[in-house]
file entry-v1.cif (mmCIF, C-alpha atoms)
data_start
loop_
_atom_site.label_atom_id
_atom_site.label_comp_id
_atom_site.auth_asym_id
_atom_site.auth_seq_id
_atom_site.Cartn_x
_atom_site.Cartn_y
_atom_site.Cartn_z
CA MET W 7 26.07 -54.14 -23.18
CA ASP W 8 24.62 -53.64 -19.69
CA ALA W 9 27.52 -53.46 -17.22
CA LYS W 10 25.35 -54.72 -14.38
CA THR W 11 26.03 -58.25 -13.16
CA TRP W 12 23.62 -61.16 -13.40
CA VAL W 13 23.32 -63.49 -10.41
CA VAL W 14 22.34 -67.13 -11.01
CA VAL W 15 21.64 -69.09 -7.82
CA GLY W 16 21.75 -72.85 -8.39
CA ALA W 17 24.26 -72.79 -11.24
CA SER W 18 26.05 -76.13 -10.99
CA ARG W 19 23.94 -78.13 -13.45
CA GLY W 20 20.81 -78.27 -15.59
CA ILE W 21 18.92 -75.03 -16.11
CA GLY W 22 21.26 -72.97 -13.94
CA LEU W 23 24.36 -74.15 -15.79
CA GLU W 24 22.73 -73.39 -19.14
CA LEU W 25 21.78 -69.93 -17.89
CA VAL W 26 25.41 -69.20 -17.05
CA LYS W 27 26.50 -70.53 -20.45
CA GLN W 28 24.11 -68.41 -22.48
CA LEU W 29 24.73 -65.28 -20.40
CA LEU W 30 28.51 -65.59 -20.73
CA GLU W 31 28.21 -66.26 -24.45
CA ALA W 32 26.21 -63.03 -24.72
CA GLY W 33 29.01 -61.14 -22.97
CA HIS W 34 27.37 -60.56 -19.60
CA LEU W 35 29.09 -60.46 -16.22
CA VAL W 36 27.82 -63.30 -14.03
CA VAL W 37 27.94 -64.41 -10.41
CA ALA W 38 27.27 -68.17 -10.40
CA ALA W 39 26.18 -69.33 -6.95
CA VAL W 40 26.44 -73.02 -6.04
CA ARG W 41 26.01 -75.01 -2.86
CA ASN W 42 29.50 -76.50 -3.05
CA VAL W 43 32.18 -75.36 -5.49
CA SER W 44 33.95 -78.72 -5.30
CA SER W 45 30.72 -80.39 -6.50
CA ALA W 46 30.37 -78.10 -9.53
CA PRO W 47 32.96 -79.44 -12.01
CA LYS W 48 30.68 -78.79 -15.00
CA LEU W 49 30.44 -75.11 -14.09
CA LEU W 50 34.19 -74.72 -13.63
CA HIS W 51 34.83 -76.53 -16.91
CA LEU W 52 32.33 -74.31 -18.71
CA ILE W 53 33.98 -71.13 -17.44
CA SER W 54 37.37 -72.42 -18.50
CA LEU W 55 36.10 -73.57 -21.90
CA LEU W 56 34.64 -70.12 -22.61
CA GLY W 57 37.73 -68.36 -21.27
CA ALA W 58 35.38 -66.41 -19.02
CA GLU W 59 37.34 -66.38 -15.77
CA ASP W 60 37.24 -62.58 -15.83
CA LYS W 61 33.50 -62.52 -16.54
CA CYS W 62 32.21 -65.08 -14.04
CA THR W 63 32.59 -65.22 -10.26
CA VAL W 64 31.70 -68.49 -8.53
CA GLU W 65 30.05 -67.94 -5.14
CA GLN W 66 29.58 -70.79 -2.69
CA CYS W 67 26.24 -70.63 -0.91
CA ASP W 68 23.58 -72.99 0.36
CA ILE W 69 20.14 -71.65 -0.52
CA ARG W 70 18.93 -72.87 2.90
CA ALA W 71 21.51 -70.71 4.72
CA MET W 72 22.16 -67.90 2.28
CA LYS W 73 25.36 -66.00 2.90
CA ALA W 74 26.53 -63.62 0.22
CA SER W 75 29.84 -62.43 1.64
CA ARG W 76 31.69 -62.29 -1.70
CA ILE W 77 28.74 -60.64 -3.42
CA GLN W 78 28.56 -58.13 -0.55
CA ALA W 79 32.27 -57.40 -0.92
CA ALA W 80 31.89 -56.97 -4.67
CA THR W 81 28.96 -54.56 -4.30
CA ASN W 82 31.01 -52.60 -1.76
CA ASN W 83 33.67 -52.32 -4.47
CA GLY W 84 31.23 -50.97 -7.04
CA MET W 85 29.59 -54.04 -8.61
CA LYS W 86 25.97 -53.31 -9.56
CA LEU W 87 23.46 -56.14 -9.50
CA GLY W 88 21.31 -56.50 -12.60
CA ASN W 89 18.99 -59.46 -12.96
CA VAL W 90 18.87 -62.26 -10.39
CA VAL W 91 17.63 -65.76 -11.26
CA LEU W 92 16.81 -68.00 -8.30
CA ASN W 93 16.97 -71.49 -9.74
CA ALA W 94 18.09 -73.65 -6.80
CA GLY W 95 15.57 -76.33 -5.91
CA VAL W 96 15.02 -79.91 -4.86
CA LEU W 97 12.70 -82.75 -5.88
CA LYS W 98 12.93 -85.82 -3.67
CA TYR W 99 10.57 -88.23 -5.37
CA PRO W 100 8.06 -89.48 -4.37
CA ASN W 101 6.70 -86.90 -1.91
CA ARG W 102 3.06 -87.90 -1.46
CA SER W 103 1.01 -86.10 1.20
CA THR W 104 -0.18 -89.47 2.55
CA GLU W 105 3.35 -90.79 3.07
CA ILE W 106 5.88 -87.98 3.40
CA SER W 107 7.93 -87.53 6.57
CA PHE W 108 8.23 -84.25 8.44
CA LEU W 109 11.90 -83.94 7.43
CA ASP W 110 11.29 -84.55 3.73
CA PHE W 111 8.40 -82.08 3.67
CA ALA W 112 10.59 -79.54 5.45
CA LEU W 113 13.41 -80.16 2.95
CA HIS W 114 11.15 -79.15 0.05
CA LEU W 115 9.87 -76.06 1.85
CA HIS W 116 13.31 -74.93 3.04
CA THR W 117 14.94 -75.40 -0.38
CA ASN W 118 12.15 -74.42 -2.76
CA THR W 119 10.32 -71.73 -0.79
CA ILE W 120 12.08 -70.26 2.22
CA GLY W 121 15.61 -70.33 0.79
CA PRO W 122 14.82 -68.45 -2.45
CA ILE W 123 12.74 -65.82 -0.64
CA ILE W 124 15.41 -65.15 2.00
CA CYS W 125 18.08 -65.12 -0.72
CA ALA W 126 16.12 -62.51 -2.67
CA GLN W 127 15.62 -60.50 0.50
CA LYS W 128 19.36 -60.44 1.19
CA LEU W 129 20.24 -59.46 -2.38
CA LEU W 130 17.65 -56.67 -2.28
CA ASN W 131 19.31 -55.27 0.82
CA LEU W 132 22.93 -55.44 -0.36
CA ASP W 133 22.81 -51.98 -1.94
CA LEU W 134 19.70 -49.95 -1.18
CA ASP W 135 20.73 -47.30 -3.70
CA SER W 136 21.07 -49.84 -6.52
CA PRO W 137 18.84 -52.89 -5.92
CA PRO W 138 18.59 -55.66 -8.54
CA SER W 139 16.74 -54.73 -11.73
CA LYS W 140 14.73 -57.96 -11.79
CA ILE W 141 14.43 -60.97 -9.50
CA VAL W 142 13.22 -64.09 -11.28
CA PHE W 143 12.04 -67.14 -9.34
CA ILE W 144 12.07 -70.43 -11.23
CA SER W 145 8.69 -71.84 -10.28
CA SER W 146 6.68 -74.67 -11.83
CA ASP W 147 3.30 -75.43 -13.33
CA SER W 148 3.03 -77.94 -10.46
CA GLY W 149 2.62 -74.96 -8.11
CA SER W 150 -0.45 -73.55 -9.86
CA THR W 151 -3.52 -73.76 -7.62
CA SER W 152 -6.03 -72.73 -10.30
CA ARG W 153 -4.71 -75.33 -12.76
CA PHE W 154 -4.24 -78.30 -10.44
CA LEU W 155 -2.39 -81.24 -12.01
CA ASP W 156 -4.08 -84.18 -10.29
CA PHE W 157 -2.19 -86.74 -12.39
CA GLU W 158 1.16 -85.75 -10.83
CA ASP W 159 1.34 -88.63 -8.37
CA GLY W 160 4.13 -88.23 -5.82
CA PHE W 161 4.56 -84.46 -6.28
CA GLY W 162 2.63 -83.28 -3.20
CA ALA W 163 5.39 -81.57 -1.23
CA TYR W 164 7.12 -80.28 -4.36
CA ALA W 165 3.89 -78.73 -5.63
CA ALA W 166 3.09 -77.26 -2.21
CA SER W 167 6.55 -75.70 -1.97
CA LYS W 168 6.16 -74.07 -5.39
CA SER W 169 2.66 -72.82 -4.52
CA ALA W 170 4.03 -71.26 -1.35
CA LEU W 171 6.89 -69.72 -3.33
CA ASN W 172 4.40 -68.20 -5.77
CA GLN W 173 2.38 -66.63 -2.97
CA MET W 174 5.44 -65.20 -1.24
CA LEU W 175 6.92 -63.69 -4.40
CA ARG W 176 3.59 -62.01 -5.15
CA HIS W 177 3.69 -60.46 -1.68
CA MET W 178 7.29 -59.41 -2.31
CA ALA W 179 6.25 -57.66 -5.53
CA ALA W 180 3.40 -55.86 -3.76
CA GLU W 181 5.63 -54.83 -0.84
CA LEU W 182 8.30 -53.45 -3.14
CA LYS W 183 5.71 -51.38 -4.99
CA ARG W 184 4.97 -49.68 -1.67
CA SER W 185 8.64 -49.12 -0.80
CA GLY W 186 11.09 -46.34 -1.62
CA PRO W 187 11.84 -44.82 -5.03
CA LYS W 188 14.63 -47.29 -5.87
CA ARG W 189 13.27 -50.61 -4.56
CA CYS W 190 9.84 -50.03 -6.11
CA LYS W 191 11.46 -50.39 -9.54
CA THR W 192 12.69 -53.96 -8.95
CA VAL W 193 10.60 -56.34 -11.05
CA ILE W 194 9.60 -59.67 -9.47
CA LEU W 195 8.71 -62.53 -11.82
CA ALA W 196 7.82 -66.23 -11.59
CA LEU W 197 8.83 -68.45 -14.51
CA HIS W 198 7.78 -71.98 -15.40
CA PRO W 199 10.78 -73.37 -17.35
CA GLY W 200 8.82 -76.09 -19.14
CA GLU W 201 9.27 -79.85 -18.89
CA VAL W 202 13.06 -79.71 -19.07
CA LYS W 203 15.29 -82.76 -19.48
CA THR W 204 17.70 -82.42 -16.54
CA ASP W 205 19.21 -84.60 -13.84
CA MET W 206 16.40 -83.58 -11.47
CA SER W 207 13.75 -84.79 -13.91
CA ASP W 208 15.49 -88.13 -14.55
CA ILE W 209 13.05 -90.20 -12.47
CA GLU W 210 10.58 -92.98 -13.19
CA LEU W 211 7.07 -91.50 -13.24
CA SER W 212 3.68 -93.17 -13.48
CA TRP W 213 2.52 -90.75 -16.17
CA GLU W 214 3.81 -89.65 -19.55
CA VAL W 215 5.69 -86.35 -19.58
CA LYS W 216 4.68 -84.53 -22.75
CA ASP W 217 6.47 -81.81 -24.70
CA SER W 218 9.88 -82.22 -23.04
CA ILE W 219 12.45 -79.62 -24.03
CA SER W 220 16.20 -79.24 -23.62
CA PRO W 221 17.82 -76.86 -21.11
CA SER W 222 19.07 -74.81 -24.06
CA GLU W 223 15.57 -74.30 -25.47
CA SER W 224 14.12 -73.52 -22.05
CA VAL W 225 16.81 -71.00 -21.13
CA SER W 226 16.82 -69.18 -24.46
CA GLY W 227 13.05 -68.76 -24.12
CA MET W 228 13.22 -67.62 -20.50
CA LEU W 229 15.92 -65.05 -21.22
CA LYS W 230 13.69 -63.58 -23.91
CA VAL W 231 10.78 -63.39 -21.46
CA ILE W 232 12.97 -61.77 -18.80
CA ALA W 233 14.21 -59.16 -21.27
CA GLU W 234 10.66 -58.31 -22.37
CA LYS W 235 9.16 -57.76 -18.91
CA GLY W 236 9.14 -54.38 -17.19
CA GLU W 237 7.81 -52.62 -14.11
CA ASN W 238 4.18 -53.13 -15.13
CA ASP W 239 4.75 -56.91 -15.13
CA THR W 240 6.00 -57.25 -11.56
CA GLY W 241 4.27 -60.00 -9.60
CA THR W 242 3.30 -62.05 -12.66
CA PHE W 243 3.77 -65.69 -13.69
CA TRP W 244 5.07 -66.69 -17.14
CA CYS W 245 6.03 -69.75 -19.15
CA TRP W 246 9.38 -70.17 -20.86
CA ASP W 247 7.72 -69.62 -24.25
CA GLY W 248 6.13 -66.29 -23.33
CA ARG W 249 2.65 -67.49 -22.37
CA SER W 250 1.10 -66.10 -19.19
CA HIS W 251 0.59 -68.87 -16.61
CA PRO W 252 -2.35 -68.90 -14.16
CA TRP W 253 -1.56 -68.78 -10.46
#
call {"tool": "encode", "arguments": {"input": "entry-v1.cif", "output": "C-alpha cells"}}
result
Amino acid sequence: MDAKTWVVVGASRGIGLELVKQLLEAGHLVVAAVRNVSSAPKLLHLISLLGAEDKCTVEQCDIRAMKASRIQAATNNGMKLGNVVLNAGVLKYPNRSTEISFLDFALHLHTNTIGPIICAQKLLNLDLDSPPSKIVFISSDSGSTSRFLDFEDGFGAYAASKSALNQMLRHMAAELKRSGPKRCKTVILALHPGEVKTDMSDIELSWEVKDSISPSESVSGMLKVIAEKGENDTGTFWCWDGRSHPW
C-alpha cells in the first residue's frame, strides 16, 4: 500500500464523499477538505462508520480562499502527498449568457476555475522535494470547446468556467514539464465524471439527461483511470470510463 496521502478537495457530499469512502475502504490515508466542517455531517458520519479516524484528516478550506495550514503542518511533520483530486465546484442554475449577473458569473469562475488552480498551485509548493504524484481536476463534458453541447440551455457560465479550467490545467501540465526534476514528474489530468446523480445535478432541466450513473460507479471508474495514467499522460482529458475526451 502506498503510504502517500490522498487529498480530496470538495469532500462533503456527492462525488467527493464517495471518493473518500472508496479510498478509505481501500486502506489509503486521506485528507478530506471541505468548505465548512460543521456542514459536512455525512463525511464525519462516514469516517466514524468506517472507524477511519486515524486514516482520514478533515481540513476546512474554501476553494475560493485556499488555506492549507493543517496540510502544511502535516507535510512539515513528514506527510507525503500522493494524488490530489480537486472536486469542489458550483452550479447555480440557470446561468445563461443572455441573463447572468456579474456576481453569478464571477461565482462560477472563482469556484470552478480560479479556486482549483490556486489550490493546486499551493499544494504543489508545500514540499518542493516531494510534490504530489498526480493532480486530478474534475472537469465536465460541458467544458469541451470542440464538442459543444448546444442543447445545454442555462449552462453558459458553468460551461465557460470548465473550459477555462481545462485551458489552465493544460498550461499547468506544460509548465511543470519545463520545471525542475521533481515537479516535472507530477501528472496533471482532467476527468469528466459522467452524468452523476448528486445533489448538484438535482435540478429541473429542459432536456433529457441520458446515461445517468451513481457516484459509486463514477468514482470506481475514475480511480481506475487515475491509477492507469502516468507521466506520458499529463495534460490530457479523460472520461470516468476510460475514454479519451476531446478538449
call {"tool": "closest_residue", "arguments": {"input": "entry-v1.cif", "among": "W:Ala58, W:Ile120, W:Ala80, W:Val15", "to": "Ala32 of chain W", "atoms": "only C-alpha atoms"}}
result
W:Ala58
call {"tool": "residues_near_point", "arguments": {"input": "entry-v1.cif", "point": "(12.1, -75.7, 5.1)", "cutoff": "12 Å", "atoms": "all atoms listed in the file", "output": "number ranges by chain"}}
result
W: 69-71, 95-96, 108-124, 163-164, 166-167, 170-171
call {"tool": "closest_residue", "arguments": {"input": "entry-v1.cif", "among": "W:Ser18, W:Glu59, W:Trp253, W:Asp135", "to": "Ser45 of chain W", "atoms": "only C-alpha atoms"}}
result
W:Ser18
call {"tool": "atom_distance", "arguments": {"input": "entry-v1.cif", "atom1": "atom CA of Met85 of chain W", "atom2": "atom CA of Lys27 of chain W"}}
result
20.5 Å
call {"tool": "closest_residue", "arguments": {"input": "entry-v1.cif", "among": "W:Asn82, W:Ser185, W:Ser145, W:Asn93", "to": "Asn172 of chain W", "atoms": "all atoms listed in the file"}}
result
W:Ser145
call {"tool": "atom_distance", "arguments": {"input": "entry-v1.cif", "atom1": "atom CA of Lys191 of chain W", "atom2": "atom CA of Thr242 of chain W"}}
result
14.6 Å
call {"tool": "closest_residue", "arguments": {"input": "entry-v1.cif", "among": "W:Ala196, W:Cys190, W:Leu49, W:Val40", "to": "Ser136 of chain W", "atoms": "all atoms listed in the file"}}
result
W:Cys190
call {"tool": "atom_distance", "arguments": {"input": "entry-v1.cif", "atom1": "atom CA of Ala165 of chain W", "atom2": "atom CA of Ala39 of chain W"}}
result
24.2 Å
call {"tool": "decode", "arguments": {"input": "entry-v1.cif", "residues": "segment 160-189 of chain W", "atoms": "N, CA, C and O atoms", "output": "PDB file, in the first residue's frame"}}
result
ATOM      1  N   GLY W 160     -29.002  27.086 -20.275  1.00  0.00           N
ATOM      2  CA  GLY W 160     -28.803  27.527 -18.898  1.00  0.00           C
ATOM      3  C   GLY W 160     -27.486  27.125 -18.286  1.00  0.00           C
ATOM      4  O   GLY W 160     -27.286  27.285 -17.076  1.00  0.00           O
ATOM      5  N   PHE W 161     -26.549  26.621 -19.099  1.00  0.00           N
ATOM      6  CA  PHE W 161     -25.248  26.161 -18.593  1.00  0.00           C
ATOM      7  C   PHE W 161     -24.099  27.049 -19.071  1.00  0.00           C
ATOM      8  O   PHE W 161     -22.944  26.632 -19.027  1.00  0.00           O
ATOM      9  N   GLY W 162     -24.388  28.274 -19.508  1.00  0.00           N
ATOM     10  CA  GLY W 162     -23.361  29.124 -20.103  1.00  0.00           C
ATOM     11  C   GLY W 162     -22.158  29.385 -19.219  1.00  0.00           C
ATOM     12  O   GLY W 162     -21.014  29.128 -19.599  1.00  0.00           O
ATOM     13  N   ALA W 163     -22.398  29.910 -18.021  1.00  0.00           N
ATOM     14  CA  ALA W 163     -21.293  30.249 -17.126  1.00  0.00           C
ATOM     15  C   ALA W 163     -20.597  28.999 -16.605  1.00  0.00           C
ATOM     16  O   ALA W 163     -19.373  28.970 -16.454  1.00  0.00           O
ATOM     17  N   TYR W 164     -21.377  27.963 -16.317  1.00  0.00           N
ATOM     18  CA  TYR W 164     -20.788  26.704 -15.851  1.00  0.00           C
ATOM     19  C   TYR W 164     -19.848  26.137 -16.916  1.00  0.00           C
ATOM     20  O   TYR W 164     -18.702  25.772 -16.626  1.00  0.00           O
ATOM     21  N   ALA W 165     -20.328  26.089 -18.159  1.00  0.00           N
ATOM     22  CA  ALA W 165     -19.510  25.563 -19.251  1.00  0.00           C
ATOM     23  C   ALA W 165     -18.259  26.411 -19.465  1.00  0.00           C
ATOM     24  O   ALA W 165     -17.155  25.885 -19.663  1.00  0.00           O
ATOM     25  N   ALA W 166     -18.431  27.734 -19.414  1.00  0.00           N
ATOM     26  CA  ALA W 166     -17.284  28.627 -19.598  1.00  0.00           C
ATOM     27  C   ALA W 166     -16.241  28.420 -18.506  1.00  0.00           C
ATOM     28  O   ALA W 166     -15.029  28.423 -18.769  1.00  0.00           O
ATOM     29  N   SER W 167     -16.707  28.216 -17.273  1.00  0.00           N
ATOM     30  CA  SER W 167     -15.771  28.034 -16.155  1.00  0.00           C
ATOM     31  C   SER W 167     -14.999  26.726 -16.298  1.00  0.00           C
ATOM     32  O   SER W 167     -13.816  26.646 -15.952  1.00  0.00           O
ATOM     33  N   LYS W 168     -15.637  25.687 -16.825  1.00  0.00           N
ATOM     34  CA  LYS W 168     -14.956  24.415 -17.031  1.00  0.00           C
ATOM     35  C   LYS W 168     -14.009  24.484 -18.231  1.00  0.00           C
ATOM     36  O   LYS W 168     -12.930  23.869 -18.219  1.00  0.00           O
ATOM     37  N   SER W 169     -14.390  25.231 -19.259  1.00  0.00           N
ATOM     38  CA  SER W 169     -13.487  25.437 -20.401  1.00  0.00           C
ATOM     39  C   SER W 169     -12.224  26.167 -19.953  1.00  0.00           C
ATOM     40  O   SER W 169     -11.105  25.810 -20.350  1.00  0.00           O
ATOM     41  N   ALA W 170     -12.407  27.193 -19.139  1.00  0.00           N
ATOM     42  CA  ALA W 170     -11.257  27.948 -18.634  1.00  0.00           C
ATOM     43  C   ALA W 170     -10.382  27.068 -17.738  1.00  0.00           C
ATOM     44  O   ALA W 170      -9.151  27.143 -17.784  1.00  0.00           O
ATOM     45  N   LEU W 171     -11.016  26.240 -16.921  1.00  0.00           N
ATOM     46  CA  LEU W 171     -10.264  25.298 -16.085  1.00  0.00           C
ATOM     47  C   LEU W 171      -9.420  24.374 -16.963  1.00  0.00           C
ATOM     48  O   LEU W 171      -8.225  24.153 -16.690  1.00  0.00           O
ATOM     49  N   ASN W 172     -10.032  23.835 -18.016  1.00  0.00           N
ATOM     50  CA  ASN W 172      -9.309  22.937 -18.911  1.00  0.00           C
ATOM     51  C   ASN W 172      -8.072  23.607 -19.504  1.00  0.00           C
ATOM     52  O   ASN W 172      -6.994  23.010 -19.586  1.00  0.00           O
ATOM     53  N   GLN W 173      -8.231  24.846 -19.928  1.00  0.00           N
ATOM     54  CA  GLN W 173      -7.101  25.545 -20.551  1.00  0.00           C
ATOM     55  C   GLN W 173      -5.996  25.815 -19.531  1.00  0.00           C
ATOM     56  O   GLN W 173      -4.800  25.642 -19.828  1.00  0.00           O
ATOM     57  N   MET W 174      -6.369  26.195 -18.331  1.00  0.00           N
ATOM     58  CA  MET W 174      -5.368  26.473 -17.302  1.00  0.00           C
ATOM     59  C   MET W 174      -4.630  25.212 -16.867  1.00  0.00           C
ATOM     60  O   MET W 174      -3.406  25.231 -16.652  1.00  0.00           O
ATOM     61  N   LEU W 175      -5.331  24.099 -16.723  1.00  0.00           N
ATOM     62  CA  LEU W 175      -4.646  22.883 -16.283  1.00  0.00           C
ATOM     63  C   LEU W 175      -3.705  22.364 -17.371  1.00  0.00           C
ATOM     64  O   LEU W 175      -2.667  21.754 -17.069  1.00  0.00           O
ATOM     65  N   ARG W 176      -4.039  22.607 -18.633  1.00  0.00           N
ATOM     66  CA  ARG W 176      -3.125  22.224 -19.717  1.00  0.00           C
ATOM     67  C   ARG W 176      -1.854  23.064 -19.658  1.00  0.00           C
ATOM     68  O   ARG W 176      -0.742  22.550 -19.884  1.00  0.00           O
ATOM     69  N   HIS W 177      -2.006  24.348 -19.353  1.00  0.00           N
ATOM     70  CA  HIS W 177      -0.826  25.195 -19.169  1.00  0.00           C
ATOM     71  C   HIS W 177      -0.015  24.725 -17.959  1.00  0.00           C
ATOM     72  O   HIS W 177       1.218  24.712 -17.997  1.00  0.00           O
ATOM     73  N   MET W 178      -0.704  24.339 -16.881  1.00  0.00           N
ATOM     74  CA  MET W 178      -0.003  23.859 -15.695  1.00  0.00           C
ATOM     75  C   MET W 178       0.826  22.624 -16.035  1.00  0.00           C
ATOM     76  O   MET W 178       1.986  22.511 -15.616  1.00  0.00           O
ATOM     77  N   ALA W 179       0.252  21.703 -16.800  1.00  0.00           N
ATOM     78  CA  ALA W 179       0.977  20.497 -17.191  1.00  0.00           C
ATOM     79  C   ALA W 179       2.211  20.848 -18.015  1.00  0.00           C
ATOM     80  O   ALA W 179       3.299  20.292 -17.793  1.00  0.00           O
ATOM     81  N   ALA W 180       2.054  21.778 -18.950  1.00  0.00           N
ATOM     82  CA  ALA W 180       3.182  22.175 -19.797  1.00  0.00           C
ATOM     83  C   ALA W 180       4.262  22.876 -18.988  1.00  0.00           C
ATOM     84  O   ALA W 180       5.468  22.644 -19.204  1.00  0.00           O
ATOM     85  N   GLU W 181       3.851  23.733 -18.047  1.00  0.00           N
ATOM     86  CA  GLU W 181       4.820  24.449 -17.210  1.00  0.00           C
ATOM     87  C   GLU W 181       5.596  23.489 -16.320  1.00  0.00           C
ATOM     88  O   GLU W 181       6.817  23.645 -16.140  1.00  0.00           O
ATOM     89  N   LEU W 182       4.907  22.507 -15.774  1.00  0.00           N
ATOM     90  CA  LEU W 182       5.582  21.552 -14.893  1.00  0.00           C
ATOM     91  C   LEU W 182       6.586  20.700 -15.671  1.00  0.00           C
ATOM     92  O   LEU W 182       7.640  20.334 -15.141  1.00  0.00           O
ATOM     93  N   LYS W 183       6.275  20.388 -16.909  1.00  0.00           N
ATOM     94  CA  LYS W 183       7.222  19.642 -17.742  1.00  0.00           C
ATOM     95  C   LYS W 183       8.541  20.391 -17.890  1.00  0.00           C
ATOM     96  O   LYS W 183       9.604  19.786 -18.016  1.00  0.00           O
ATOM     97  N   ARG W 184       8.455  21.728 -17.865  1.00  0.00           N
ATOM     98  CA  ARG W 184       9.650  22.555 -18.050  1.00  0.00           C
ATOM     99  C   ARG W 184      10.332  22.887 -16.731  1.00  0.00           C
ATOM    100  O   ARG W 184      11.334  23.610 -16.713  1.00  0.00           O
ATOM    101  N   SER W 185       9.792  22.402 -15.617  1.00  0.00           N
ATOM    102  CA  SER W 185      10.325  22.766 -14.295  1.00  0.00           C
ATOM    103  C   SER W 185      11.378  21.765 -13.845  1.00  0.00           C
ATOM    104  O   SER W 185      11.872  20.956 -14.632  1.00  0.00           O
ATOM    105  N   GLY W 186      11.713  21.815 -12.565  1.00  0.00           N
ATOM    106  CA  GLY W 186      12.802  21.005 -12.020  1.00  0.00           C
ATOM    107  C   GLY W 186      12.555  19.517 -12.075  1.00  0.00           C
ATOM    108  O   GLY W 186      11.487  19.052 -12.478  1.00  0.00           O
ATOM    109  N   PRO W 187      13.546  18.731 -11.636  1.00  0.00           N
ATOM    110  CA  PRO W 187      13.489  17.271 -11.764  1.00  0.00           C
ATOM    111  C   PRO W 187      12.392  16.601 -10.946  1.00  0.00           C
ATOM    112  O   PRO W 187      11.989  15.480 -11.265  1.00  0.00           O
ATOM    113  N   LYS W 188      11.898  17.241  -9.904  1.00  0.00           N
ATOM    114  CA  LYS W 188      10.835  16.653  -9.083  1.00  0.00           C
ATOM    115  C   LYS W 188       9.457  17.058  -9.610  1.00  0.00           C
ATOM    116  O   LYS W 188       8.591  16.215  -9.853  1.00  0.00           O
ATOM    117  N   ARG W 189       9.254  18.364  -9.794  1.00  0.00           N
ATOM    118  CA  ARG W 189       7.933  18.862 -10.202  1.00  0.00           C
ATOM    119  C   ARG W 189       7.536  18.388 -11.603  1.00  0.00           C
ATOM    120  O   ARG W 189       6.352  18.247 -11.912  1.00  0.00           O
TER     121      ARG W 189
END
